[in-house]
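Colleague: First, the structure itself, so that you have it in front of you.
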Amino acid sequence: MKWLFRYGCSEELFLKRFEEEGKIMNAESFEIKACPEMWKDLGMDVERFDKMRLMLGEIYRKTYLTQKNRPVKMAYFDDMVAEIHGGRIKEILAAKAEGHPVIGTFCVYIPEEVVLAAGGVCVGLCGGSQGSIPDAEKILPRNICPMVKSAFGFKAGRICPYFQAVDFVYGETTCDAKKKTWEILDTMVPTYVMEIPQMKKQSDRDMWLSEVKEFKAKVEEVAGKEVTVEELKKAVKVMNGKRRALQRLNTLRHTKPTPISGKDVLLVEQIAFYDEPVRFASQVNELCDDLEQRIAAGEAVPGKDAVRIMVAGVPMALPNWKLHHLVEGAGAVIVNEESCIGTRYYKDLMAEDAQDMETILTDLTKRYMNIDCSCFTPNDERIDQVLKEYRESQADGIIHYSLQFCHTYNVEEIRIREACAREGIPYMFIESDYSPEDVGQIQTRVEAFLEQIRG
Amino acid sequence: MFVGVDLGSRAIKVAAWQGGRLVDYKVRESGFEPHRQVEEMIQEYDPCTVMATGYGRHLVKEYFAYEVITEIKAHALGIHAVLPEATTVVDIGGQDSKVISLNAKGQVVNFQMNDKCAAGTGRFLEIMAASLAYPLGEFGLAALDSDQEVQINSMCTVFAESEVISMKNRGVPRQHIARAVHASVADCILSMLNRVGYGDTIAFSGGVANNPCIVEMVRRSLDNVRVIVPENPSIIGALGASLHAQSQGRATE
Ligand code: SF4
Ligand code: SF4
C-alpha cells in the first residue's frame with residue numbers, strides 16, 4: 001500500500017505529532033500553519049491570505065475545539081486542518097515536482113480512479129467560504145450559487161494555495177452556474193470540461209463512457225504516460241478502500257446513541273477531498289476502531305437523548321459548518337449527510353475483478369452513473385435514497401439544505417418534501433448562503449424544528 | 001409566579017401568570033441593552049420563574065431566564081390557551097412572519113418562516129406607512145377605505161419602496177397605495193398558508209394582528225375558514241412562554 005506515499009515527507013510529518021501529543025489538540029494551541037514563502041512562490045496574495053488563515057483558525061477553534069467528549073482519533077483530522085495551507089500543500093507540490101499531475105475538481109463525477117492510476121493527485125476546490133465571495137462578485141453576477149462564487153473568488157483573489165498549485169481544473173456540465181463559469185475561469189487557470197449527461201438512458205451512458213475515455217487521455221497527456229490496466233486496477237482498489245472506510249464511519253455513527261458529533265463526521269468527509277487517499281482511509285479506519293470502543297463503552301455525543309437529525313441536499317464545502325453548528329449548538333446531533341460531501345461520494349463502490357481496460361472503464365462509468373445528483377432528470381433514485389438513509393441513520397427528522405440559486409436542488413426539494421409528508425417524517429427546508437446574516441433566523445427555525453420533534 | 005418574556009426585534013412583551021390566570025402584562029418598545037429593560041419590567045414579580053422567547057431569548061437567558069423556547073412554540077401555546085379552536089397561527093412580527101400549523105393538542109406540527117426579506121413583516125408595513133406619511137395606527141384603516149386595485153409587484157422592501165415612490169409621483173391617491181402595500185403583505189401570508197396548509201380556524205397573533213386591513217384581506221381570500229384575532233395579540237408569545245414556565249413545573253417560592 002506504500003506506493004502512494006512516494007511523495008516523501010507526508011507520513012512522518014503528520015503522524016509524529018500525534019504520537020508526541022497523543023491527544024486532541026486543545027483550543028489554545030491550535031493554529032493553522034503559515035507558509036508565507038511557499039505562498040509567495042505560488043503567486044498568492046500573501047497578506048490577505050494570512051488574515052483569512054487566522055480567521056479560519058478562529059472559526060475552527062470555536063466550532064470544533066470547544067466540542068466536548070470528542071473521539072481521540074479526531075486528532076489526525078484536526079492536524080489536517082492545521083496543515084491545510086502548509087503541510088498538505090508541500091506534499092502536493094512535491095508530487096508535482098516529480099511530474100505527477102495535480103488536478104483541481106469540483107464535483108464527485110470526476111473519475112478519481114483515473115487520476116490516481118496516472119499517479120496524479122485530486123484536490124477538491126469547491127468553495128464554502130464567504131471570504132472569497134466579494135472577489136467573485138467583481139466579475140460574476142451576484143445571483144448565482146455561493147459555492148461557485150466562493151470557488152471562483154479564491155482563484156480571482158489568488159487566496160487559495162490549492163487553486164494556485166493545480167496543473168489544471170477539471171470542470172463538468174452539471175449545472176448552468178458551473179458550466180458557464182468555466183469559460184471565465186479558463187482565462188485564469190486552464191479549465192477542461194467534461195460533459196455530464198442529464199439523463200440516464202443508454203445513449204447517455206454511451207456518451208458518458210466516451211467522456212471518461214477522453215478524460216483518461218487528457219490525464220495521460222499531462223502525466224506524460226499511459227495508464228496501464230494494473231495501475232487502474234490498483235487505483236480502483238484504493239478508491240474503494242477509501243469509500244469503504246467512509247461507509248464504515250457512517251454506519252458506526254448511525255448507532256443510537258451516536259458516538260461522534262455530526263460536525264466531526266462532516267469534517268472527515270470534507271478532508272476526504274484534499275487528503276492523500278491511502279493515508280486518509282487508514283486514519284478513518286483508526287477513527288472507526290476508536291468509535292467501536294466508544295460504542296461498547298456507551299459513550300454518547302452529545303447525550304443519550306439527543307434529537308437525531310439527517311441532513312440532505314447540496315454539498316457543504318469546507319469551511320461551511322453553519323448548519324451543523326446551529327443544529328448541534330441547539331443540543332441535537334446530525335447523524336447523516338445525504339450530500340456529495342457525504343454519502344453521495346462513498347455510497348457506491350465499483351467492481352474490482354475486471355481484467356481489461358474496456359471493462360474497467362465500463363464498470364467505472366456504471367459506478368458513477370449511480371450518483372443521484374439533482375442535475376439528472378428524472379431522479380427518483382435520490383428520493384428513495386433519502387428515505388433509505390433516513391431509516392438507516394435512525395434519524396428523528398430531515399433538514400433539506402440547499403444553497404441559494406441552486407435551481408436543481410431547490411426544485412427537487414419539493415419531491416423530497418412530499419415524500420417526507422407521505423412517510424410522516426418531520427421535515428424542514430433551509431435555503432441559505434454563506435453570509436452570517438440569516439444565522440438568527442435559521443437558529444430560530446432549527447430550534448423550533450427540534451421543539452416540534454420533541455413534542 | 002411564572003413570567004414569559006418575549007424579546008422581539010421591535011418590542012419587549014412580558015406576561016405574568018399565577019394561580020391559573022394572567023395577572024399582568026406589559027409591552028414596551030425595545031431600545032439599547034434590552035436585557036436591562038427586561039430586568040426593570042419584571043422586577044416587581046420576583047420571585048418568579050422566567051421563560052424567554054423571541055429574537056433576544058438567548059440574551060434574556062444569559063441574565064435571568066430559566067429556559068428558552070422559540071417564538072413558534074410560544075405563539076402556538078399562547079394561541080391554544082386563548083383560542084383553543086385555532087388550527088393555524090399567523091404571527092406577523094417586526095422582523096419576520098410565521099405560519100404555524102397545530103394539532104388538536106395545540107402542538108406544532110409544521111411551520112414556515114419567511115426568510116431573508118422584510119417583505120411580509122411588520123417592518124415592511126412601518127417603512128411603507130412612514131413613506132406615505134401615515135401614523136402606524138391609521139395605516140390599516142386608511143387602506144380599508146380604498147376600493148381600488150393597484151399592485152406592488154416587488155417582494156423586496158427596497159424595490160417596493162421605489163415602486164411606492166413612483167406611484168406617489170404618478171399621483172395615485174395614498175390610500176390606494178396603502179391598500180396595495182397591505183395586499184402585498186397579505187399575499188405573502190397567503191402563500192405561506194398555502195404551503196403549510198391550514199385547518200378551519202386561523203388565528204392571528206403578534207402586533208400586526210392589530211392591523212384590521214391585513215386580517216380582513218386574508219379573511220376575504222379564504223373560503224370556509226374562520227379568521228380570528230385574540231383580544232391582545234401582541235402578548236401572545238409572552239403568554240405562551242409564561243405557560244411553558246408553569247408546565248415545566250418549577251416551584252418559585
Ligand atoms: S451536487 Fe451534483 S454537481 Fe454538485 S458536486 Fe454533487 S454531483 Fe456534482
Ligand atoms: S449547489 Fe447547485 S448551483 Fe451550486 S454548484 Fe452545485 S449544482 Fe450548481
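Residue names in the C-alpha cells use chain letters A, B, ... in the order shown, residue numbers from 1 in each chain, and ligand numbers from 1 in the order shown.
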Would you list the contacts of A:Glu31 as an MDAnalysis selection string, taking every protein, DNA or RNA residue within 12 Å and counting only C-alpha atoms, but skipping same-chain residues closer than 4 positions in sequence?

Modeller: chainID A and resid 25:27 50 53:61 65 78:86

Colleague: Go through chain B residue by residue and, counting only C-alpha atoms, keep those with an atom at most 9 Å from chain A; for each kept residue give the shortest atom pair and its distance in Å to one decimal, ordered by chain and increasing number, as JSON lines.

Modeller:
```
{"residue": "B:Gly54", "atom": "CA", "partner": "A:Thr444", "partner_atom": "CA", "distance": 8.7}
{"residue": "B:Tyr55", "atom": "CA", "partner": "A:Gly440", "partner_atom": "CA", "distance": 7.5}
{"residue": "B:Ile69", "atom": "CA", "partner": "A:Ala448", "partner_atom": "CA", "distance": 7.9}
{"residue": "B:Thr70", "atom": "CA", "partner": "A:Ala448", "partner_atom": "CA", "distance": 5.7}
{"residue": "B:Glu71", "atom": "CA", "partner": "A:Thr444", "partner_atom": "CA", "distance": 7.8}
{"residue": "B:Ile72", "atom": "CA", "partner": "A:Ala448", "partner_atom": "CA", "distance": 6.2}
{"residue": "B:Lys73", "atom": "CA", "partner": "A:Ala448", "partner_atom": "CA", "distance": 6.7}
{"residue": "B:Asp96", "atom": "CA", "partner": "A:Gln441", "partner_atom": "CA", "distance": 8.5}
{"residue": "B:Gln107", "atom": "CA", "partner": "A:Gly455", "partner_atom": "CA", "distance": 6.8}
{"residue": "B:Val108", "atom": "CA", "partner": "A:Gln452", "partner_atom": "CA", "distance": 5.6}
{"residue": "B:Val109", "atom": "CA", "partner": "A:Gln452", "partner_atom": "CA", "distance": 6.3}
{"residue": "B:Asn110", "atom": "CA", "partner": "A:Gln452", "partner_atom": "CA", "distance": 7.6}
{"residue": "B:Phe111", "atom": "CA", "partner": "A:Phe449", "partner_atom": "CA", "distance": 8.4}
{"residue": "B:Gln112", "atom": "CA", "partner": "A:Arg445", "partner_atom": "CA", "distance": 8.4}
{"residue": "B:Met113", "atom": "CA", "partner": "A:Arg445", "partner_atom": "CA", "distance": 7.5}
{"residue": "B:Asp115", "atom": "CA", "partner": "A:Gln441", "partner_atom": "CA", "distance": 7.3}
{"residue": "B:Lys116", "atom": "CA", "partner": "A:Asp438", "partner_atom": "CA", "distance": 6.4}
```

Colleague: Could those residues be written to a file, using C-alpha atoms, as a short mmCIF file (atom, residue, chain, number, x, y, z; two decimals), in the first residue's frame?

Modeller:
```
data_model
loop_
_atom_site.label_atom_id
_atom_site.label_comp_id
_atom_site.auth_asym_id
_atom_site.auth_seq_id
_atom_site.Cartn_x
_atom_site.Cartn_y
_atom_site.Cartn_z
CA GLY B 54 -38.35 35.98 20.78
CA TYR B 55 -35.27 37.09 18.93
CA ILE B 69 -38.48 28.44 23.76
CA THR B 70 -38.78 29.70 20.20
CA GLU B 71 -41.41 32.20 19.15
CA ILE B 72 -43.01 29.43 17.16
CA LYS B 73 -43.72 27.28 20.17
CA ASP B 96 -40.28 38.06 10.18
CA GLN B 107 -48.66 21.23 19.42
CA VAL B 108 -46.67 22.48 16.43
CA VAL B 109 -46.84 20.04 13.55
CA ASN B 110 -45.40 22.24 10.83
CA PHE B 111 -44.36 25.82 10.32
CA GLN B 112 -42.97 28.27 7.78
CA MET B 113 -41.00 31.39 8.33
CA ASP B 115 -36.66 34.11 5.01
CA LYS B 116 -34.14 36.80 4.42
#
```

Colleague: Taking only C-alpha atoms and all ligand atoms into account, list the residues no farther than 12 Å from ligand 2, as a short mmCIF file (atom, residue, chain, number, x, y, z; two decimals) with C-alpha atoms, in the first residue's frame.

Modeller:
```
data_model
loop_
_atom_site.label_atom_id
_atom_site.label_comp_id
_atom_site.auth_asym_id
_atom_site.auth_seq_id
_atom_site.Cartn_x
_atom_site.Cartn_y
_atom_site.Cartn_z
CA THR A 105 -12.03 19.13 -9.19
CA PHE A 106 -15.47 20.44 -8.38
CA CYS A 107 -17.73 17.51 -8.44
CA VAL A 108 -17.97 13.88 -7.42
CA TYR A 109 -18.47 12.89 -11.07
CA LEU A 125 -11.82 23.07 -5.00
CA CYS A 126 -15.45 23.62 -4.01
CA GLY A 127 -15.75 26.83 -2.05
CA GLY A 128 -17.58 27.08 1.24
CA ASN A 143 -27.33 35.95 -8.11
CA ILE A 144 -25.66 32.64 -8.70
CA CYS A 145 -24.84 29.84 -6.31
CA PRO A 146 -22.44 30.80 -3.49
CA MET A 147 -20.42 27.61 -3.94
CA VAL A 148 -19.50 28.64 -7.46
CA LYS A 149 -18.84 32.21 -6.40
CA SER A 150 -16.74 31.20 -3.44
CA ALA A 151 -14.56 28.85 -5.50
CA PHE A 152 -14.19 31.31 -8.34
CA GLY A 171 -14.99 21.09 -14.51
CA GLU A 172 -18.19 19.43 -15.61
CA THR A 173 -21.51 20.41 -17.10
CA THR A 174 -23.70 19.54 -14.14
CA CYS A 175 -25.37 22.90 -13.59
CA ASP A 176 -25.58 26.12 -15.52
CA ALA A 177 -23.80 28.21 -12.91
CA LYS A 178 -20.77 25.99 -13.13
CA LYS A 179 -20.64 25.30 -16.82
CA LYS A 180 -20.70 28.96 -17.78
CA THR A 181 -18.26 29.90 -15.03
CA TRP A 182 -15.68 27.50 -16.52
CA GLY A 313 -29.12 18.29 -0.13
CA VAL A 314 -26.21 20.20 -1.57
CA PRO A 315 -22.61 19.62 -0.53
CA MET A 316 -21.23 21.65 2.36
CA ALA A 317 -17.77 22.58 1.22
CA SER A 339 -24.83 15.04 0.02
CA CYS A 340 -21.78 14.95 -2.22
CA ILE A 341 -19.63 15.81 0.75
CA ASP A 372 -28.03 10.67 -7.84
CA CYS A 373 -27.30 14.37 -8.25
CA SER A 374 -30.31 16.60 -8.78
CA CYS A 375 -28.88 17.69 -12.11
CA PHE A 376 -30.36 14.47 -13.53
CA TYR A 401 -30.34 22.09 2.86
CA SER A 402 -29.82 23.94 -0.40
CA LEU A 403 -27.81 26.88 -1.49
CA GLN A 404 -29.47 29.97 -2.81
CA PHE A 405 -29.92 29.96 -6.57
CA CYS A 406 -29.28 26.24 -6.89
CA HIS A 407 -32.27 25.53 -9.04
CA THR A 408 -31.96 21.78 -9.35
CA TYR A 409 -31.83 21.10 -5.61
CA ASN A 410 -34.33 23.81 -4.78
CA VAL A 411 -36.87 22.35 -7.16
CA GLU A 412 -36.14 18.74 -6.29
CA GLU A 431 -32.14 27.61 1.80
CA SER A 432 -29.13 29.66 2.71
CA ASP A 433 -25.78 31.00 1.62
#
```

Colleague: From the set A:Val114, A:Val212, A:Ala94, A:Ile371, which residue has the shortest atom-to-atom contact distance to ligand 1, counting only C-alpha atoms and all ligand atoms?

Modeller: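 Going through A:Val114, A:Val212, A:Ala94, A:Ile371 one by one, the smallest distance to ligand 1 is for A:Ile371.
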
Colleague: Hey, which of A:Ile383, A:Ile309, A:Val265, A:Ala421 ends up closest to B:Val196? Count only C-alpha atoms.

Modeller: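 For B:Val196, the nearest of the given residues is A:Ala421.
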
Colleague: As number ranges by chain, please: all residues of stretch 92-213 of chain B that backbone DSSP puts in alpha helix (DSSP H).

Modeller: B: 122-131, 136-145, 157-169, 174-196, 212-213

Colleague: With only C-alpha atoms and all ligand atoms as the basis for distance, which of A:Asp290, A:Glu195, A:Glu358, A:Glu221 is at the shortest distance from ligand 1?

Modeller: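 Going through A:Asp290, A:Glu195, A:Glu358, A:Glu221 one by one, the smallest distance to ligand 1 is for A:Glu195.
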
Colleague: One decimal, in Å: what's the spacing between atom CA of A:Pro197 and atom CA of A:Glu211?

Modeller: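 Taking atom CA of A:Pro197 as the start and atom CA of A:Glu211 as the end point, the length is 9.9 Å.
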
Colleague: Which neighbours of A:Glu389 fall inside 10 Å, counting only C-alpha atoms, when residues of the same chain fewer than 6 positions from it are skipped, and could you give them as a list in words?

Modeller: His254, Met310, Val311, Ala312, Val335, Asn336, Glu337, Glu338, Thr343 and Ala395 of chain A

Colleague: Next, dump the selected residues to file, keeping only N, CA, C and O atoms, as a PDB file, in the first residue's frame.

Modeller:
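This went into out.pdb:
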```
ATOM      1  N   HIS A 254     -24.266   5.908  12.823  1.00  0.00           N
ATOM      2  CA  HIS A 254     -25.709   5.658  12.838  1.00  0.00           C
ATOM      3  C   HIS A 254     -26.164   4.970  14.130  1.00  0.00           C
ATOM      4  O   HIS A 254     -27.356   4.879  14.399  1.00  0.00           O
ATOM      5  N   MET A 310     -31.028  14.184  10.230  1.00  0.00           N
ATOM      6  CA  MET A 310     -30.316  13.864   8.992  1.00  0.00           C
ATOM      7  C   MET A 310     -30.379  15.084   8.078  1.00  0.00           C
ATOM      8  O   MET A 310     -31.408  15.736   7.977  1.00  0.00           O
ATOM      9  N   VAL A 311     -29.260  15.378   7.444  1.00  0.00           N
ATOM     10  CA  VAL A 311     -29.223  16.486   6.503  1.00  0.00           C
ATOM     11  C   VAL A 311     -29.191  15.908   5.092  1.00  0.00           C
ATOM     12  O   VAL A 311     -28.487  14.929   4.830  1.00  0.00           O
ATOM     13  N   ALA A 312     -29.965  16.496   4.186  1.00  0.00           N
ATOM     14  CA  ALA A 312     -29.951  16.067   2.792  1.00  0.00           C
ATOM     15  C   ALA A 312     -29.801  17.300   1.925  1.00  0.00           C
ATOM     16  O   ALA A 312     -30.241  18.378   2.303  1.00  0.00           O
ATOM     17  N   VAL A 335     -26.732  12.983  12.137  1.00  0.00           N
ATOM     18  CA  VAL A 335     -26.309  11.587  12.027  1.00  0.00           C
ATOM     19  C   VAL A 335     -26.136  11.111  10.585  1.00  0.00           C
ATOM     20  O   VAL A 335     -25.841   9.936  10.355  1.00  0.00           O
ATOM     21  N   ASN A 336     -26.309  12.009   9.631  1.00  0.00           N
ATOM     22  CA  ASN A 336     -26.123  11.594   8.239  1.00  0.00           C
ATOM     23  C   ASN A 336     -26.098  12.825   7.341  1.00  0.00           C
ATOM     24  O   ASN A 336     -26.843  13.760   7.566  1.00  0.00           O
ATOM     25  N   GLU A 337     -25.228  12.790   6.321  1.00  0.00           N
ATOM     26  CA  GLU A 337     -25.261  13.832   5.298  1.00  0.00           C
ATOM     27  C   GLU A 337     -25.540  13.171   3.959  1.00  0.00           C
ATOM     28  O   GLU A 337     -24.658  12.511   3.398  1.00  0.00           O
ATOM     29  N   GLU A 338     -26.741  13.350   3.472  1.00  0.00           N
ATOM     30  CA  GLU A 338     -27.060  12.846   2.127  1.00  0.00           C
ATOM     31  C   GLU A 338     -26.648  13.961   1.184  1.00  0.00           C
ATOM     32  O   GLU A 338     -27.400  14.892   0.928  1.00  0.00           O
ATOM     33  N   THR A 343     -22.706  10.996   1.808  1.00  0.00           N
ATOM     34  CA  THR A 343     -22.917   9.646   1.259  1.00  0.00           C
ATOM     35  C   THR A 343     -22.816   9.556  -0.258  1.00  0.00           C
ATOM     36  O   THR A 343     -22.443   8.522  -0.787  1.00  0.00           O
ATOM     37  N   ALA A 395     -32.685   8.491  12.195  1.00  0.00           N
ATOM     38  CA  ALA A 395     -32.873   9.911  12.481  1.00  0.00           C
ATOM     39  C   ALA A 395     -34.308  10.168  12.918  1.00  0.00           C
ATOM     40  O   ALA A 395     -35.206   9.360  12.679  1.00  0.00           O
TER      41      ALA A 395
END
```

Colleague: Can you tell me, as a list in words, what residues are no more than 10 Å from B:Lys26 when counting only C-alpha atoms, ignoring any on the same chain fewer than 4 positions away?

Modeller: Val5, Ile12, Lys13, Val14, Ala15, Ala16, Met41, Ile42, Ser234, Ile235 and Ala238 of chain B

Colleague: Next, the residues of the selection above should be written as an mmCIF file, in the first residue's frame with N, CA, C and O atoms.

Modeller:
```cif
data_model
loop_
_atom_site.group_PDB
_atom_site.id
_atom_site.type_symbol
_atom_site.label_atom_id
_atom_site.label_comp_id
_atom_site.auth_asym_id
_atom_site.auth_seq_id
_atom_site.Cartn_x
_atom_site.Cartn_y
_atom_site.Cartn_z
ATOM 1 N N VAL B 5 -41.195 36.225 28.904
ATOM 2 C CA VAL B 5 -40.603 37.434 28.319
ATOM 3 C C VAL B 5 -40.417 37.186 26.829
ATOM 4 O O VAL B 5 -39.757 36.230 26.436
ATOM 5 N N ILE B 12 -40.629 44.705 23.625
ATOM 6 C CA ILE B 12 -40.496 43.686 24.668
ATOM 7 C C ILE B 12 -41.887 43.457 25.251
ATOM 8 O O ILE B 12 -42.576 44.416 25.600
ATOM 9 N N LYS B 13 -42.279 42.212 25.313
ATOM 10 C CA LYS B 13 -43.575 41.890 25.879
ATOM 11 C C LYS B 13 -43.366 40.977 27.074
ATOM 12 O O LYS B 13 -42.549 40.054 27.018
ATOM 13 N N VAL B 14 -44.111 41.255 28.140
ATOM 14 C CA VAL B 14 -43.972 40.466 29.344
ATOM 15 C C VAL B 14 -45.361 40.022 29.795
ATOM 16 O O VAL B 14 -46.294 40.822 29.754
ATOM 17 N N ALA B 15 -45.503 38.771 30.177
ATOM 18 C CA ALA B 15 -46.777 38.296 30.712
ATOM 19 C C ALA B 15 -46.517 37.578 32.028
ATOM 20 O O ALA B 15 -45.569 36.795 32.125
ATOM 21 N N ALA B 16 -47.333 37.867 33.036
ATOM 22 C CA ALA B 16 -47.160 37.235 34.351
ATOM 23 C C ALA B 16 -48.355 36.339 34.633
ATOM 24 O O ALA B 16 -49.508 36.767 34.514
ATOM 25 N N MET B 41 -38.678 45.643 33.899
ATOM 26 C CA MET B 41 -40.079 45.262 33.707
ATOM 27 C C MET B 41 -40.514 44.113 34.605
ATOM 28 O O MET B 41 -41.675 44.029 34.995
ATOM 29 N N ILE B 42 -39.588 43.217 34.905
ATOM 30 C CA ILE B 42 -40.026 42.029 35.659
ATOM 31 C C ILE B 42 -39.672 42.076 37.142
ATOM 32 O O ILE B 42 -40.064 41.193 37.895
ATOM 33 N N SER B 234 -50.548 41.174 20.783
ATOM 34 C CA SER B 234 -49.101 41.408 20.956
ATOM 35 C C SER B 234 -48.482 40.542 22.037
ATOM 36 O O SER B 234 -47.290 40.257 21.976
ATOM 37 N N ILE B 235 -49.269 40.176 23.056
ATOM 38 C CA ILE B 235 -48.626 39.473 24.175
ATOM 39 C C ILE B 235 -48.771 37.955 24.090
ATOM 40 O O ILE B 235 -48.404 37.235 25.015
ATOM 41 N N ALA B 238 -45.482 36.105 24.748
ATOM 42 C CA ALA B 238 -45.089 36.178 26.157
ATOM 43 C C ALA B 238 -45.989 35.288 26.999
ATOM 44 O O ALA B 238 -45.528 34.576 27.899
#
```

Colleague: Neighbours of A:Pro161 within 7 Å (only C-alpha atoms; same-chain residues fewer than 2 positions away dropped), as a ChimeraX atom specification?

Modeller: /A:39,42,85,159,163-165

Colleague: Near stretch 95-97 of chain A, counting only C-alpha atoms, which residues have an atom at most 10 Å away, once you skip same-chain residues fewer than 2 positions from it, shown as a PyMOL selection string?

Modeller: chain A and resi 5-8+89-93+99-102+119-121+165-167+223

Colleague: Might you pull out every residue within 12 Å of A:Asn250, with only C-alpha atoms counted and same-chain residues fewer than 3 positions away left off, and present them as a ChimeraX atom specification?

Modeller: /A:243-247,253-255,258-262,264-266,268-269,284-285,287-288,291,310,334-338,342-347,389,392-394

Colleague: Could you save those same residues with N, CA and C atoms as a compact mmCIF listing (two decimals), in the first residue's frame?

Modeller:
```txt
# COMPACT_ATOMS: atom_id res chain seq x y z
N ARG A 243 -13.58 4.69 0.08
CA ARG A 243 -15.04 4.79 0.21
C ARG A 243 -15.56 3.82 1.26
N ARG A 244 -14.95 2.64 1.33
CA ARG A 244 -15.38 1.68 2.36
C ARG A 244 -15.13 2.22 3.76
N ALA A 245 -13.99 2.87 3.93
CA ALA A 245 -13.69 3.43 5.25
C ALA A 245 -14.75 4.47 5.63
N LEU A 246 -15.14 5.29 4.66
CA LEU A 246 -16.16 6.29 4.94
C LEU A 246 -17.52 5.65 5.20
N GLN A 247 -17.81 4.58 4.47
CA GLN A 247 -19.06 3.86 4.72
C GLN A 247 -19.07 3.31 6.14
N ARG A 253 -21.58 5.82 13.04
CA ARG A 253 -22.24 6.99 13.63
C ARG A 253 -23.75 6.84 13.62
N HIS A 254 -24.27 5.91 12.82
CA HIS A 254 -25.71 5.66 12.84
C HIS A 254 -26.16 4.97 14.13
N THR A 255 -25.21 4.45 14.89
CA THR A 255 -25.55 3.81 16.16
C THR A 255 -26.34 4.76 17.03
N THR A 258 -25.34 8.00 19.17
CA THR A 258 -24.17 8.10 18.29
C THR A 258 -22.91 8.47 19.08
N PRO A 259 -21.77 7.89 18.71
CA PRO A 259 -20.54 8.15 19.46
C PRO A 259 -19.75 9.36 18.97
N ILE A 260 -20.24 10.07 17.96
CA ILE A 260 -19.43 11.15 17.38
C ILE A 260 -20.37 12.25 16.88
N SER A 261 -19.90 13.47 16.94
CA SER A 261 -20.75 14.58 16.51
C SER A 261 -20.85 14.61 14.99
N GLY A 262 -21.93 15.20 14.50
CA GLY A 262 -22.09 15.37 13.07
C GLY A 262 -21.02 16.28 12.50
N ASP A 264 -17.95 16.56 13.44
CA ASP A 264 -16.70 15.84 13.24
C ASP A 264 -16.77 14.95 12.00
N VAL A 265 -17.91 14.30 11.80
CA VAL A 265 -18.01 13.44 10.61
C VAL A 265 -17.99 14.30 9.35
N LEU A 266 -18.68 15.42 9.39
CA LEU A 266 -18.66 16.30 8.22
C LEU A 266 -17.23 16.73 7.90
N VAL A 268 -14.48 15.08 8.46
CA VAL A 268 -13.79 13.96 7.83
C VAL A 268 -14.21 13.87 6.36
N GLU A 269 -15.51 14.03 6.11
CA GLU A 269 -16.00 13.97 4.73
C GLU A 269 -15.42 15.10 3.88
N VAL A 284 -9.19 7.03 8.80
CA VAL A 284 -10.63 6.91 9.03
C VAL A 284 -10.90 5.57 9.72
N ASN A 285 -10.19 4.54 9.28
CA ASN A 285 -10.40 3.24 9.93
C ASN A 285 -9.96 3.26 11.39
N LEU A 287 -10.08 5.86 13.29
CA LEU A 287 -11.17 6.57 13.96
C LEU A 287 -12.34 5.61 14.22
N CYS A 288 -12.60 4.76 13.24
CA CYS A 288 -13.70 3.79 13.39
C CYS A 288 -13.42 2.81 14.53
N LEU A 291 -14.24 4.54 17.53
CA LEU A 291 -15.69 4.66 17.71
C LEU A 291 -16.30 3.34 18.20
N MET A 310 -31.03 14.18 10.23
CA MET A 310 -30.32 13.86 8.99
C MET A 310 -30.38 15.08 8.08
N ILE A 334 -26.31 15.62 14.35
CA ILE A 334 -26.53 15.25 12.95
C ILE A 334 -25.94 13.86 12.72
N VAL A 335 -26.73 12.98 12.14
CA VAL A 335 -26.31 11.59 12.03
C VAL A 335 -26.14 11.11 10.58
N ASN A 336 -26.31 12.01 9.63
CA ASN A 336 -26.12 11.59 8.24
C ASN A 336 -26.10 12.82 7.34
N GLU A 337 -25.23 12.79 6.32
CA GLU A 337 -25.26 13.83 5.30
C GLU A 337 -25.54 13.17 3.96
N GLU A 338 -26.74 13.35 3.47
CA GLU A 338 -27.06 12.85 2.13
C GLU A 338 -26.65 13.96 1.18
N GLY A 342 -20.48 13.77 1.62
CA GLY A 342 -21.33 12.89 2.40
C GLY A 342 -21.56 11.61 1.62
N THR A 343 -22.71 11.00 1.81
CA THR A 343 -22.92 9.65 1.26
C THR A 343 -22.82 9.56 -0.26
N ARG A 344 -23.19 10.63 -0.96
CA ARG A 344 -23.18 10.53 -2.42
C ARG A 344 -21.77 10.27 -2.95
N TYR A 345 -20.78 10.63 -2.14
CA TYR A 345 -19.39 10.41 -2.54
C TYR A 345 -18.97 8.95 -2.32
N TYR A 346 -19.53 8.31 -1.30
CA TYR A 346 -18.98 7.00 -0.96
C TYR A 346 -19.97 5.85 -0.93
N LYS A 347 -21.24 6.13 -1.20
CA LYS A 347 -22.20 5.02 -1.08
C LYS A 347 -21.98 3.92 -2.13
N GLU A 389 -31.64 6.34 3.66
CA GLU A 389 -30.65 6.83 4.62
C GLU A 389 -31.32 7.31 5.91
N GLU A 392 -31.82 4.13 7.85
CA GLU A 392 -30.55 3.55 8.31
C GLU A 392 -29.92 4.38 9.43
N SER A 393 -30.09 5.68 9.35
CA SER A 393 -29.41 6.53 10.34
C SER A 393 -30.25 6.68 11.61
N GLN A 394 -31.44 6.10 11.62
CA GLN A 394 -32.33 6.19 12.78
C GLN A 394 -32.54 7.64 13.20
```

Colleague: Please, what distance in Å, to one decimal, runs between atom CA of A:Ile398 and atom CA of A:Arg382?

Modeller: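 Those two atoms sit 14.2 Å apart.
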
Colleague: From a DSSP calculation on the backbone, collect every residue of stretch 189-427 of chain A in strand (DSSP E) and output the set as number ranges by chain.

Modeller: A: 191-194, 308-313, 333-338, 397-403, 427

Colleague: Work out how far atom CA of A:Pro36 is from atom CA of A:Arg48, in Å to one decimal.

Modeller: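 Atom-to-atom, atom CA of A:Arg48 to atom CA of A:Pro36, that is 11.0 Å.
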
Colleague: Which residue out of A:Tyr434, A:Tyr170, A:Trp321, A:Phe215 has the minimum interatomic distance to ligand 1 when only C-alpha atoms and all ligand atoms are used?

Modeller: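 Answer, going by the shortest atom-to-atom distance: A:Tyr170.
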